[in-house]
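K.L.:
A single structure is presented below for examination.
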Amino acid sequence: MRSAYSVDTVRNAERELMARLPEGALMQRAAAGLAAACADVLGRVYGSRVVLLVGSGDNGGDALYAGARLARRGAGVTAVLLAPERTHAAGLAALRRAGGRVVRAGRGAGDGRAAAGDQGGVAGRASGGGRPGGEGRAGGGGGDVDVEGLVERADLVVDGIVGIGGKDGLRPEAVPLAAAAGRSRGAVVAVDLPSGVDPGTGEVRGVAVRADLTVTFGTHKPGLLIDPAREYAGSVRLVDIGLELPAEPELEALQHADVARLLPVPRAESDKYRRGVVGIAAGSARYPGAAVLAVSGALRGGAGAVRYVGPAGDAVIARFPETLVSDRGPKHAGRVQAWVVGPGAGDDAATVGEVLAADVPVLVDADGLRLADAEAVRSRRAPTLLTPHAGEAAALLGVERREVEEGRLAAVRELAARYGATVLLKGSTTLVADSGGGAVRVNATGTSWLATAGSGDVLSGLAGSLLAAGLSAVDAGSVGAYVHGLAGRLAADGAPVGAHDVAAAIPEAWRNVLA
Ligand SMILES: NC(=O)C1=CN([C@@H]2O[C@H](COP(=O)(O)OP(=O)(O)OC[C@H]3O[C@@H](n4cnc5c(N)ncnc54)[C@H](OP(=O)(O)O)[C@@H]3O)[C@@H](O)[C@H]2O)[C@@H](O)CC1
Ligand SMILES: [K+]
């Protein structure tokens, strides 16, 4: 399981650890890990050109210390200071001692020019000696440095503008540097987080640094696992700095081994009823395909049998003859261990109401979310799993879709609390929250190829089948999302696919998890 902790929790753990360690030791651990990652990215450190983007906090300090380590190994390191008078003093001194060069970012936002701070710094002649802001006056020489050009031509750009202290997007003076990093021919390594993303929520307001690699310290931060920020982070390397963290994280992401433990595997004595029967109440005369796709997911989700109820029985049987089809309502369809209701349901509120009245786990998706009576959901005793996408979540919350997309973590928690249900918020990073609070599950297997019509219907069938097989709502949702995402990747393999291809790839994804 990969986990992420909130910024407050990280800061508390940092404080406790710092109290027990010599001053600066923690930052040295971080910088050592960062420098090692940078060296791996560079391949050959000696003779490489490294540019550090240095903000006013400890994030910039990490970059400076790591830059000093690289300079000692023969890299030509230039630090670009965004706030020269508030730069991490000891880090700056270390860089200078190692022969690093220091320039200041242009004052006029967007002009991309910098006054040369310490022209002699490369040869180690700096006289600033760790005095913050000394570079503007020390070194002499003056002249202009094309900072954006430096960034663009670097072999490696280290983004130490801002880390967990960041809020409200990048400041204007940092925007041209982030943009130059985007144009750089070299790799971009972000320190702790890509600057400009919200560490706690994954929101990105305006410009943020796009990294190839993010080196994060102690634990993942929520922003590294949730879109849109996740996309800016590139691949993520975690450096252990010895933080002691509480048992319950804010976010957790299942990995193959976790999913393998949770997948239902039939025993010798299992018959179809013991494996669970999932009921699918979906589709309409107008949308028979939704029923077929939900059944296609359910058949591959581990339940022993799939019962279909609704007006699309002929279409379902034609495609999947193993389905138990009934045209009577859910109440009279026979026993099931879990229901899926809603995909392609049109306006059939009566069926949704009937399913919600059943005392077994229920998954509500698509039209079912619009038709479900909120009070009927809240008063259920058996588990309920709601599976909206951002637009449906926005309608349930009465807010704009954009608000949900920008603040996915808050939205999924709010919905779970309001409905007293488990909520799976679909999207490029799917989130699953329980009504009782606790860690939110985040799915990392998704792919943008899954943004295709009917893909959600397949997921609802798959997760419903897992519910029927006995998984809790949180496990059914998160394992379903994981396998579905993996199936999407395997099916797509870099090319567009239809939802039925995703369903057909579920067995391969399942085998891949268990291998
Ligand atoms: N926690 C740990 O265990 C460890 C933490 N470590 C490191 O410390 C980092 C946290 O350092 P931190 O607390 O100094 O904050 P940090 O992220 O550098 O930013 C604060 C400064 O940025 C500024 N600023 C704010 N928003 C901005 C924006 N949008 N755009 C631009 N600037 C913005 C803000 O300026 P001000 O508001 O004062 O003007 C403030 O001065 C952490 O991420 C990790 O790298 C490791 O060394 C060791 C272990
Ligand atoms: K950063």
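Chains: A, B, ... in order of the structure tokens. Residues: from 1 per chain. Ligands: from 1, in order shown.
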Which residues are near Val51 in chain A? Cut-off 6 Å, only C-alpha atoms, ignore same chain within fewer than 4 positions. Put them as a ChimeraX atom specification.
P.N.:
/A:77-79,157
K.L.:
I'd like the contact shell of range 172-183 of chain A - 12 Å cut-off, only C-alpha atoms, skipping same-chain residues fewer than 6 positions apart - returned as a VMD selection string.
P.N.:
chain A and resid 50 to 56 80 to 83 104 to 114 146 to 162 189 to 190 194 to 197 205 to 212 232
K.L.:
Select from range 306-490 of chain A everything DSSP, run on the backbone, classes as strand (DSSP E), then give the selection as a list in words.
P.N.:
Val306, Arg307, Tyr308, Val309, Leu324, Val325, Ser326, Ala338, Trp339, Val340, Val341, Val362, Leu363, Val364, Asp365, Thr384, Leu385, Leu386, Thr387, Thr422, Val423, Leu424, Leu425, Leu431, Val432, Ala433, Val440, Arg441 and Val442 of chain A
K.L.:
Would you write out those residues with N, CA and C atoms, as a PDB file, in the first residue's frame?
P.N.:
ATOM      1  N   VAL A 306     -24.688 -14.017 -12.494  1.00  0.00           N
ATOM      2  CA  VAL A 306     -25.178 -12.654 -12.728  1.00  0.00           C
ATOM      3  C   VAL A 306     -26.653 -12.739 -13.101  1.00  0.00           C
ATOM      4  N   ARG A 307     -27.457 -12.012 -12.348  1.00  0.00           N
ATOM      5  CA  ARG A 307     -28.892 -11.957 -12.627  1.00  0.00           C
ATOM      6  C   ARG A 307     -29.165 -10.607 -13.262  1.00  0.00           C
ATOM      7  N   TYR A 308     -29.875 -10.611 -14.373  1.00  0.00           N
ATOM      8  CA  TYR A 308     -30.208  -9.332 -14.996  1.00  0.00           C
ATOM      9  C   TYR A 308     -31.701  -9.070 -14.887  1.00  0.00           C
ATOM     10  N   VAL A 309     -32.066  -7.864 -14.504  1.00  0.00           N
ATOM     11  CA  VAL A 309     -33.468  -7.466 -14.406  1.00  0.00           C
ATOM     12  C   VAL A 309     -33.672  -6.193 -15.205  1.00  0.00           C
ATOM     13  N   LEU A 324     -28.651 -14.921 -15.911  1.00  0.00           N
ATOM     14  CA  LEU A 324     -30.005 -15.297 -15.482  1.00  0.00           C
ATOM     15  C   LEU A 324     -30.881 -14.068 -15.707  1.00  0.00           C
ATOM     16  N   VAL A 325     -31.807 -14.148 -16.656  1.00  0.00           N
ATOM     17  CA  VAL A 325     -32.564 -12.951 -17.041  1.00  0.00           C
ATOM     18  C   VAL A 325     -33.985 -13.014 -16.511  1.00  0.00           C
ATOM     19  N   SER A 326     -34.441 -11.853 -16.012  1.00  0.00           N
ATOM     20  CA  SER A 326     -35.811 -11.787 -15.520  1.00  0.00           C
ATOM     21  C   SER A 326     -36.420 -10.469 -15.976  1.00  0.00           C
ATOM     22  N   ALA A 338     -25.834  -8.819  -3.916  1.00  0.00           N
ATOM     23  CA  ALA A 338     -25.605  -7.385  -4.123  1.00  0.00           C
ATOM     24  C   ALA A 338     -26.319  -6.953  -5.393  1.00  0.00           C
ATOM     25  N   TRP A 339     -26.703  -5.672  -5.429  1.00  0.00           N
ATOM     26  CA  TRP A 339     -27.357  -5.104  -6.613  1.00  0.00           C
ATOM     27  C   TRP A 339     -26.499  -4.002  -7.227  1.00  0.00           C
ATOM     28  N   VAL A 340     -26.600  -3.915  -8.540  1.00  0.00           N
ATOM     29  CA  VAL A 340     -26.098  -2.737  -9.258  1.00  0.00           C
ATOM     30  C   VAL A 340     -27.306  -2.104  -9.899  1.00  0.00           C
ATOM     31  N   VAL A 341     -27.501  -0.815  -9.702  1.00  0.00           N
ATOM     32  CA  VAL A 341     -28.653  -0.157 -10.318  1.00  0.00           C
ATOM     33  C   VAL A 341     -28.225   1.168 -10.950  1.00  0.00           C
ATOM     34  N   VAL A 362     -25.631  -2.367  -2.217  1.00  0.00           N
ATOM     35  CA  VAL A 362     -26.126  -1.813  -3.481  1.00  0.00           C
ATOM     36  C   VAL A 362     -25.112  -0.833  -4.058  1.00  0.00           C
ATOM     37  N   LEU A 363     -24.874  -0.948  -5.357  1.00  0.00           N
ATOM     38  CA  LEU A 363     -24.053   0.031  -6.065  1.00  0.00           C
ATOM     39  C   LEU A 363     -24.978   0.868  -6.942  1.00  0.00           C
ATOM     40  N   VAL A 364     -24.913   2.183  -6.800  1.00  0.00           N
ATOM     41  CA  VAL A 364     -25.758   3.078  -7.604  1.00  0.00           C
ATOM     42  C   VAL A 364     -24.871   3.875  -8.546  1.00  0.00           C
ATOM     43  N   ASP A 365     -25.203   3.817  -9.827  1.00  0.00           N
ATOM     44  CA  ASP A 365     -24.374   4.496 -10.826  1.00  0.00           C
ATOM     45  C   ASP A 365     -25.264   5.292 -11.778  1.00  0.00           C
ATOM     46  N   THR A 384     -23.817   0.883   0.874  1.00  0.00           N
ATOM     47  CA  THR A 384     -24.181   1.504  -0.398  1.00  0.00           C
ATOM     48  C   THR A 384     -22.920   2.097  -1.012  1.00  0.00           C
ATOM     49  N   LEU A 385     -22.739   1.867  -2.290  1.00  0.00           N
ATOM     50  CA  LEU A 385     -21.589   2.427  -3.010  1.00  0.00           C
ATOM     51  C   LEU A 385     -22.116   3.283  -4.154  1.00  0.00           C
ATOM     52  N   LEU A 386     -21.858   4.582  -4.090  1.00  0.00           N
ATOM     53  CA  LEU A 386     -22.266   5.496  -5.162  1.00  0.00           C
ATOM     54  C   LEU A 386     -21.065   5.724  -6.068  1.00  0.00           C
ATOM     55  N   THR A 387     -21.274   5.701  -7.385  1.00  0.00           N
ATOM     56  CA  THR A 387     -20.117   5.798  -8.283  1.00  0.00           C
ATOM     57  C   THR A 387     -20.280   6.921  -9.319  1.00  0.00           C
ATOM     58  N   THR A 422     -20.561   4.923   0.877  1.00  0.00           N
ATOM     59  CA  THR A 422     -19.218   4.922   0.297  1.00  0.00           C
ATOM     60  C   THR A 422     -19.336   5.542  -1.087  1.00  0.00           C
ATOM     61  N   VAL A 423     -18.404   6.414  -1.430  1.00  0.00           N
ATOM     62  CA  VAL A 423     -18.486   7.089  -2.730  1.00  0.00           C
ATOM     63  C   VAL A 423     -17.216   6.848  -3.528  1.00  0.00           C
ATOM     64  N   LEU A 424     -17.400   6.427  -4.765  1.00  0.00           N
ATOM     65  CA  LEU A 424     -16.285   6.256  -5.703  1.00  0.00           C
ATOM     66  C   LEU A 424     -16.429   7.365  -6.739  1.00  0.00           C
ATOM     67  N   LEU A 425     -15.509   8.321  -6.702  1.00  0.00           N
ATOM     68  CA  LEU A 425     -15.544   9.431  -7.664  1.00  0.00           C
ATOM     69  C   LEU A 425     -14.642   9.074  -8.836  1.00  0.00           C
ATOM     70  N   LEU A 431     -11.180   8.209  -6.788  1.00  0.00           N
ATOM     71  CA  LEU A 431     -11.067   8.264  -5.326  1.00  0.00           C
ATOM     72  C   LEU A 431     -12.229   7.509  -4.703  1.00  0.00           C
ATOM     73  N   VAL A 432     -11.976   6.816  -3.604  1.00  0.00           N
ATOM     74  CA  VAL A 432     -13.043   6.102  -2.905  1.00  0.00           C
ATOM     75  C   VAL A 432     -13.017   6.515  -1.440  1.00  0.00           C
ATOM     76  N   ALA A 433     -14.135   7.100  -0.985  1.00  0.00           N
ATOM     77  CA  ALA A 433     -14.208   7.564   0.408  1.00  0.00           C
ATOM     78  C   ALA A 433     -15.330   6.848   1.134  1.00  0.00           C
ATOM     79  N   VAL A 440      -8.797   7.920   2.407  1.00  0.00           N
ATOM     80  CA  VAL A 440      -9.451   7.840   1.105  1.00  0.00           C
ATOM     81  C   VAL A 440      -8.561   7.001   0.191  1.00  0.00           C
ATOM     82  N   ARG A 441      -9.148   6.070  -0.523  1.00  0.00           N
ATOM     83  CA  ARG A 441      -8.365   5.255  -1.461  1.00  0.00           C
ATOM     84  C   ARG A 441      -8.229   6.003  -2.783  1.00  0.00           C
ATOM     85  N   VAL A 442      -7.065   5.964  -3.334  1.00  0.00           N
ATOM     86  CA  VAL A 442      -6.847   6.604  -4.629  1.00  0.00           C
ATOM     87  C   VAL A 442      -6.338   5.539  -5.587  1.00  0.00           C
TER      88      VAL A 442
END
K.L.:
Pull the closest atom pair for each residue of chain A that gets at most 6 Å from ligand 1, along with the distance in Å to one decimal, counting only C-alpha atoms and all ligand atoms, ordering rows by chain and then ascending residue number, as JSON lines.
P.N.:
{"residue": "A:Val10", "atom": "CA", "partner": "ligand 1", "partner_atom_place_in_ligand_line": "1 (N)", "distance": 5.6}
{"residue": "A:Arg11", "atom": "CA", "partner": "ligand 1", "partner_atom_place_in_ligand_line": "1 (N)", "distance": 5.1}
{"residue": "A:Glu14", "atom": "CA", "partner": "ligand 1", "partner_atom_place_in_ligand_line": "3 (O)", "distance": 4.2}
{"residue": "A:Leu26", "atom": "CA", "partner": "ligand 1", "partner_atom_place_in_ligand_line": "48 (C)", "distance": 5.1}
{"residue": "A:Met27", "atom": "CA", "partner": "ligand 1", "partner_atom_place_in_ligand_line": "47 (O)", "distance": 3.9}
{"residue": "A:Ala30", "atom": "CA", "partner": "ligand 1", "partner_atom_place_in_ligand_line": "48 (C)", "distance": 5.4}
{"residue": "A:Gly55", "atom": "CA", "partner": "ligand 1", "partner_atom_place_in_ligand_line": "22 (O)", "distance": 5.9}
{"residue": "A:Ser56", "atom": "CA", "partner": "ligand 1", "partner_atom_place_in_ligand_line": "41 (O)", "distance": 4.5}
{"residue": "A:Gly57", "atom": "CA", "partner": "ligand 1", "partner_atom_place_in_ligand_line": "18 (O)", "distance": 3.3}
{"residue": "A:Asp58", "atom": "CA", "partner": "ligand 1", "partner_atom_place_in_ligand_line": "11 (O)", "distance": 3.8}
{"residue": "A:Asn59", "atom": "CA", "partner": "ligand 1", "partner_atom_place_in_ligand_line": "45 (O)", "distance": 3.5}
{"residue": "A:Gly60", "atom": "CA", "partner": "ligand 1", "partner_atom_place_in_ligand_line": "18 (O)", "distance": 5.9}
{"residue": "A:Asp62", "atom": "CA", "partner": "ligand 1", "partner_atom_place_in_ligand_line": "47 (O)", "distance": 5.2}
{"residue": "A:Val162", "atom": "CA", "partner": "ligand 1", "partner_atom_place_in_ligand_line": "17 (O)", "distance": 4.0}
{"residue": "A:Gly163", "atom": "CA", "partner": "ligand 1", "partner_atom_place_in_ligand_line": "17 (O)", "distance": 3.1}
{"residue": "A:Ile164", "atom": "CA", "partner": "ligand 1", "partner_atom_place_in_ligand_line": "43 (O)", "distance": 4.1}
{"residue": "A:Gly165", "atom": "CA", "partner": "ligand 1", "partner_atom_place_in_ligand_line": "17 (O)", "distance": 3.5}
{"residue": "A:Gly166", "atom": "CA", "partner": "ligand 1", "partner_atom_place_in_ligand_line": "26 (N)", "distance": 3.6}
{"residue": "A:Lys167", "atom": "CA", "partner": "ligand 1", "partner_atom_place_in_ligand_line": "26 (N)", "distance": 4.7}
{"residue": "A:Asp168", "atom": "CA", "partner": "ligand 1", "partner_atom_place_in_ligand_line": "29 (N)", "distance": 5.4}
{"residue": "A:Gly169", "atom": "CA", "partner": "ligand 1", "partner_atom_place_in_ligand_line": "29 (N)", "distance": 4.4}
{"residue": "A:Leu170", "atom": "CA", "partner": "ligand 1", "partner_atom_place_in_ligand_line": "29 (N)", "distance": 3.7}
{"residue": "A:Arg171", "atom": "CA", "partner": "ligand 1", "partner_atom_place_in_ligand_line": "30 (N)", "distance": 4.1}
{"residue": "A:Val191", "atom": "CA", "partner": "ligand 1", "partner_atom_place_in_ligand_line": "45 (O)", "distance": 5.7}
{"residue": "A:Asp192", "atom": "CA", "partner": "ligand 1", "partner_atom_place_in_ligand_line": "45 (O)", "distance": 4.9}
{"residue": "A:Gly196", "atom": "CA", "partner": "ligand 1", "partner_atom_place_in_ligand_line": "29 (N)", "distance": 5.5}
K.L.:
Enter the distance from CA of His220 in chain A to CA of Gly391 in chain A, in Å, rounded to one decimal.
P.N.:
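Distance between the two atoms: 28.1 Å.
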